[in-house]
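K.L.:
Sharing a structure below in structure tokens format, with a few things to ask.
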Amino acid sequence: MSGQMNKIEKQSWQCCKCKIPMSPGNVKITYLGNDFTIELLKCPQCGLTLVPEDLAVRKMLEVEQSLEDK
Amino acid sequence: MDHKQLRELEEKCTQGLPPACTTTCPVHVDVKSFLAEMKAGRFDGAMKILRKALLFPGIISRICDHPCQAACKRREAGDAVSIAALEKTCVRMSSIPPERISILTKKDKRVAVAGGGLSGLTAAFDLATKGYSVVLFESKDRLGGSIWDIPEEILPRDVILEETAVVANLGVEIRFNATVGENLSLTDLCRDFDAVYLGAGRYSQDTFNLQTSREGRILIDPVTFSTSQEGVFAGGGLRTGREYSPVLSHSDGKRAAKSIDRYLQKVSLYASREDEGPYQSRLFTSTKGVEPLSAVVPADPVQGYTREEAIQEAGRCLQCECLECVKACEYLAHFKGYPRKYLRDINHNLKMVMGAHTANKMINSCSLCGLCEEICPNNLNMGEVCKNSREIMVKKGKMPPSPHDFPLRDMQFSNGEMFALARPEPGQESSKHLFFPGCQLSASSPEYIVKTYSDLRKKLTGGVGLMLRCCGAPADWAGRKEHFLEARQEIVRLWNEMGKPCFILACSSCYQVFQNHLPEIEIVSLWEVMDRLGLPDVSTGKAGAGKVAVHDACTTRQEKHVHDSVRRILGRLGYEVEELEYSREKTECCGYGGLMSFANPELVRKVIDRRIKESETDYVAYCAMCRDKFASRGKRTFHLLDLIYGGGNSHLAEKKDPGYSQRHENRARLKDKLLKEIWGEKVEKAQGFAAIKLDIDDELKAVMEERLILVEDVQRVIDYAERTGNKLYNKDTGHFMAYHRPVSVTYWVEYSPRGDGFAIHNAYSHRMQIVGEVEK
């Protein structure tokens with residue numbers, strides 16, 4: 001699940017609470033007891049993250065399904 | 001269901017087992033593959049196949065007594081395939097040299113073979129390749145025995161000389177003019193050798209002082225070919241006598257050699273020898289619809305088939321296989337195998353602890369409809385296997401969460417406060433009957449529930465109660481036993497509370513669930529009730545209403561009385577009934593059964609498309625999901641209630657599936673409507689997230705449907721984001737983005753305020769969890 005940053009469109013998202021732009025950072029995600037660290041856009045202050053559509057419906061789905069069959 | 005039972009079930013599937021031609025052949029020539037090669041014109045390939053079973057292919061192929069042909073399935077549609085003639089053609093036309101024969105490491109045991117006929121030569125050949133020192137004693141001065149009696153034009157002498165010479169090349173020592181019983185005694189052989197094979201031929205009168213039968217023949221064990229004396233084995237013409245068959249002698253030699261090897265290795269002579277020699281094939285092959293064809297007659301009978309004639313004749317081979325269920329079921333065809341193979345995969349999947357459970361998808365894709373059991377000559381039911389497997393997977397914690405999560409939540413919705421309802425008829429204290437429309441009909445056509453309930457109350461005395469909820473089928477299909485039992489228990493509790501009424505069921509799946517799991521409750525199908533009590537006044541039958549093709553629900557496969565009632569109702573409504581090829585007990589699933597549509601949407605499209613292509617006529621279904629599935633792929637399909645209450649208006653056959661969100665909405669509204677109109681209760685307006693107004697265009701609605709995202713999921717995300725402020729803002733587009741994970745799925749919504757609600761621009765989800773995400 002590396003290199004996801006290339007796929008993230010450089011959209012101008014900002015965190016509503018902190019009023020600062022999102023920037024790339026490491027985020028821990030987990031499924032069925034398996035942990036991964038991926039690079040995502042996140043709020044440098046509160047940590048609110050953005051999982052882009054393409055990542056969710058392709059790579060994440062693929063990994064979810066292979067973990068489910070493990 | 002344990003591994004042993006799965007292995008036993010495997011035996012029910014005969015696909016992949018050898019066909020009759022092969023099992024009838026004493027040496028089990030792979031006739032089917034041989035003929036496939038011949039048909040393709042690959043005579044060298046065909047020759048290679050012959051050589052696998054025949055040690056002396058040039059001799060055997062020319063003189064074989066071909067018991068295979070009498071067993072050939074082609075005989076049911078024309079003449080048997082001329083296998084023997086094709087073998088002759090093959091050995092005549094193929095010029096491929098024999099492969100090098102490999103010999104195992106030399107062993108220190110010596111074997112004597114008495115008789116240089118077919119069985120003796122075969123035994124000597126096999127034993128020599130196994131590494132034994134073999135001495136062959138032949139009474140004449142040439143090898144071959146009685147095959148020299150065969151006319152030269154059938155069996156050319158150079159073929160005999162060439163092929164029998166192979167035995168000497170393998171290192172077998174050959175002593176000519178040595179006859180056991182004359183210039184050589186069995187006692188001497190037994191003293192000098194570790195084992196002896198007697199293949200003295202059919203004309204031999206000698207019994208070598210061995211134990212004999214009443215007819216005076218040497219007693220030979222039919223499995224091991226051993227005689228009364230330890231270490232002495234016998235076969236061939238000596239065993240068969242006047243019933244002599246060259247190919248049987250060849251087989252005897254092979255089987256005796258196997259025994260001698262086992263004897264010398266001191267292992268069991270009897271273990272695993274069931275399928276040696278000729279036996280009855282278990283492979284089922286249907287010849288239904290096969291065009292009868294006569295055998296190709298060679299233009300020159302003396303010469304035999306030309307290349308073209310041989311190809312044509314081999315083309316008549318049916319390439320026997322069963323695949324009856326695979327032909328009838330899109331699911332079984334989809335995974336490119338057949339039950340015997342699938343059972344092996346399932347067994348492996350259930351046994352495995354670590355590694356990829358590659359059969360999960362296959363197990364979860366079955367509709368559990370039971371058509372395979374109806375079709376299978378041995379009544380193998382893959383649905384039962386798949387359902388049992390699912391239960392085992394759930395128990396072991398090995399069931400993937402994603403395929404069944406959505407339908408189980410749908411079931412939870414139907415059994416929650418938004419839909420669930422149980423009331424006696426207004427003004428009645430007890431209920432003799434109870435109308436149980438089921439969750440899907442209530443979601444597809446809520447208007448008919450109100451009408452049906454009203455008519456049932458008019459026609460039945462003693463009180464007709466109403467129960468809105470899910471029967472538990474999704475949990476049952478998902479293999480969630482405990483989950484299902486909870487739902488069952490609640491139904492039984494309510495049934496008791498309402499005075500044990502007879503349930504009137506409008507849904508076929510409910511009918512199956514009640515029949516299988518709620519035997520204490522008396523049930524009747526709505527269609528039987530309507531058939532018996534007469535149709536509602538609105539549905540005046542008019543002759544010539546048109547023709548409809550009935551799609552029977554797979555969950556009422558065995559309920560002939562339901563099939564009959566449906567057809568009588570249609571008759572009374574004035575419809576002419578067309579019977580589909582697969583109907584009644586042989587009906588097909590629409591793709592909803594067994595939660596197939598959640599585990600394998602791609603397969604469901606194939607299942608539906610196959611079913612809807614069976615006839616051009618408009619379909620009529622009596623299960624809401626069947627109707628909606630067919631309509632979703634463009635097949636004009638009525639629900640039976642469309643004809644009863646909708647007057648059979650043409651547009652009803654084209655009505656779209658309402659979609660998952662609208663199904664929830666329809667159920668909730670139905671409950672409110674019934675409470676208000678029938679029980680006169682005040683219904684509170686939606687509050688909280690459910691009150692959030694959304695604007696979603698049709699394109700996004702379709703995407704959400706495919707992604708199993710409900711309007712209420714979107715409402716929850718917005719409610720959460722607006723409440724907590726946990727959202728992102730895009731200044732270029734003016735859109736907000738937020739996510740929320742109510743239980744096991746994280747939903748993302750891109751939205752912007754519009755009027756007194758929100759416009760939705762995108763919605764997607766994932767099951768992976770972002771760790772450390774902010775509070776709910």
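The chains in the structure tokens are called A, B, ... from first to last as shown; in each chain the residues are counted from 1, and the ligands are counted from 1 in the order shown.
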What residues in chain A have any atom no more than 6 Å from chain B when counting only C-alpha atoms, and can you write them as a ChimeraX atom specification?
P.N.:
/A:12-16,28-31,56,68-70
K.L.:
Of the residues B:Phe193, B:Tyr331, B:Tyr270, B:Tyr203, which is the one nearest to B:Asp221, using only C-alpha atoms?
P.N.:
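Residue with the minimum atom-to-atom distance to B:Asp221: B:Tyr270.
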K.L.:
Near stretch 37-51 of chain A, within 6 Å and counting only C-alpha atoms, which residues show up once chain neighbours fewer than 6 positions away are dropped, as a ChimeraX atom specification?
P.N.:
/A:22-28
K.L.:
Give the strand (DSSP E or B) residues of chain A, as DSSP finds them on the backbone, and put them as a list in words.
P.N.:
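Strand (DSSP E or B) assignments inside chain A correspond to Trp13, Gln14, Cys15, Pro21, Ser23, Pro24, Gly25, Asn26, Val27, Lys28, Ile29, Thr30, Tyr31, Asn34, Asp35, Phe36, Thr37, Ile38, Glu39, Leu40, Leu41, Lys42, Thr49 and Leu50 of chain A.
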K.L.:
Convert the current residue selection to file output with N, CA and C atoms, as a compact mmCIF listing (two decimals), in the first residue's frame.
P.N.:
```txt
# COMPACT_ATOMS: atom_id res chain seq x y z
N TRP A 13 -7.83 20.75 -0.15
CA TRP A 13 -8.66 20.46 1.01
C TRP A 13 -8.04 21.09 2.26
N GLN A 14 -8.92 21.58 3.12
CA GLN A 14 -8.40 22.04 4.41
C GLN A 14 -9.30 21.55 5.53
N CYS A 15 -8.72 21.45 6.71
CA CYS A 15 -9.48 20.96 7.87
C CYS A 15 -10.38 22.10 8.36
N PRO A 21 -4.45 23.87 5.81
CA PRO A 21 -4.49 22.92 4.69
C PRO A 21 -3.98 21.54 5.11
N SER A 23 -1.91 18.11 4.68
CA SER A 23 -0.60 17.81 4.08
C SER A 23 -0.28 16.32 4.25
N PRO A 24 0.60 15.79 3.41
CA PRO A 24 0.87 14.35 3.46
C PRO A 24 1.47 13.94 4.80
N GLY A 25 1.06 12.77 5.28
CA GLY A 25 1.60 12.27 6.55
C GLY A 25 1.25 10.80 6.70
N ASN A 26 1.95 10.14 7.59
CA ASN A 26 1.70 8.71 7.80
C ASN A 26 0.45 8.49 8.66
N VAL A 27 -0.36 7.52 8.21
CA VAL A 27 -1.60 7.20 8.93
C VAL A 27 -1.64 5.68 9.11
N LYS A 28 -2.04 5.26 10.33
CA LYS A 28 -2.14 3.83 10.59
C LYS A 28 -3.56 3.37 10.28
N ILE A 29 -3.66 2.31 9.49
CA ILE A 29 -4.98 1.73 9.24
C ILE A 29 -4.93 0.25 9.60
N THR A 30 -6.09 -0.30 9.91
CA THR A 30 -6.12 -1.70 10.37
C THR A 30 -7.33 -2.45 9.81
N TYR A 31 -7.13 -3.75 9.59
CA TYR A 31 -8.27 -4.59 9.19
C TYR A 31 -8.03 -6.03 9.64
N ASN A 34 -4.77 -6.79 11.15
CA ASN A 34 -3.55 -6.48 10.39
C ASN A 34 -3.39 -4.97 10.29
N ASP A 35 -2.23 -4.49 10.70
CA ASP A 35 -2.01 -3.03 10.68
C ASP A 35 -1.12 -2.62 9.50
N PHE A 36 -1.43 -1.47 8.94
CA PHE A 36 -0.62 -0.92 7.85
C PHE A 36 -0.39 0.56 8.12
N THR A 37 0.73 1.05 7.62
CA THR A 37 0.94 2.50 7.67
C THR A 37 0.98 3.00 6.24
N ILE A 38 0.15 3.96 5.94
CA ILE A 38 0.14 4.50 4.58
C ILE A 38 0.24 6.03 4.64
N GLU A 39 0.65 6.58 3.52
CA GLU A 39 0.76 8.03 3.45
C GLU A 39 -0.55 8.59 2.91
N LEU A 40 -1.14 9.49 3.67
CA LEU A 40 -2.41 10.11 3.26
C LEU A 40 -2.34 11.59 3.54
N LEU A 41 -3.30 12.32 2.97
CA LEU A 41 -3.42 13.73 3.36
C LEU A 41 -4.04 13.76 4.75
N LYS A 42 -3.43 14.53 5.65
CA LYS A 42 -4.07 14.66 6.97
C LYS A 42 -3.85 16.05 7.54
N THR A 49 -8.07 12.73 8.57
CA THR A 49 -7.43 12.25 7.34
C THR A 49 -8.37 12.26 6.15
N LEU A 50 -7.80 12.03 4.98
CA LEU A 50 -8.60 11.93 3.77
C LEU A 50 -8.20 10.66 3.01
```
K.L.:
Which residues are close to B:Cys68, i.e. within 8 Å by only C-alpha atoms, leaving aside same-chain residues fewer than 4 positions away? Reply as a PyMOL selection string.
P.N.:
chain B and resi 20-22+24-25+72+83
K.L.:
Separation of atom CA of B:Arg110 and atom CA of B:Ser139, in Å?
P.N.:
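Atom-to-atom, atom CA of B:Arg110 and atom CA of B:Ser139 are spaced 20.0 Å apart.
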K.L.:
Please provide the set of residues having any atom within 12 Å of B:Glu699, restricted to only C-alpha atoms, with same-chain residues fewer than 5 positions apart removed, written as a list in words.
P.N.:
Met704, Glu705, Glu706, Ile760, His761, Asn762 and Ala763 of chain B
K.L.:
Would you save the residues of that selection, restricted to N, CA and C atoms, as a short mmCIF file (atom, residue, chain, number, x, y, z; two decimals), in the first residue's frame?
P.N.:
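Dumped everything to part.cif:
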```cif
data_model
loop_
_atom_site.label_atom_id
_atom_site.label_comp_id
_atom_site.auth_asym_id
_atom_site.auth_seq_id
_atom_site.Cartn_x
_atom_site.Cartn_y
_atom_site.Cartn_z
N MET B 704 -24.19 4.34 -5.65
CA MET B 704 -24.40 4.01 -4.24
C MET B 704 -25.03 2.61 -4.10
N GLU B 705 -25.95 2.32 -5.01
CA GLU B 705 -26.62 1.01 -4.98
C GLU B 705 -25.58 -0.11 -5.17
N GLU B 706 -24.69 0.12 -6.12
CA GLU B 706 -23.66 -0.87 -6.40
C GLU B 706 -22.69 -1.00 -5.23
N ILE B 760 -25.51 15.91 -2.64
CA ILE B 760 -24.46 14.90 -2.47
C ILE B 760 -23.70 14.77 -3.78
N HIS B 761 -22.38 14.90 -3.70
CA HIS B 761 -21.56 14.85 -4.92
C HIS B 761 -20.83 13.51 -5.09
N ASN B 762 -20.59 12.84 -4.00
CA ASN B 762 -19.93 11.53 -4.10
C ASN B 762 -20.11 10.76 -2.79
N ALA B 763 -20.07 9.45 -2.89
CA ALA B 763 -20.14 8.62 -1.68
C ALA B 763 -19.38 7.32 -1.95
#
```
K.L.:
Could you work out how far atom CA of B:Glu330 lies from atom CA of B:Gln15, giving the answer in Å with one decimal?
P.N.:
16.9 Å
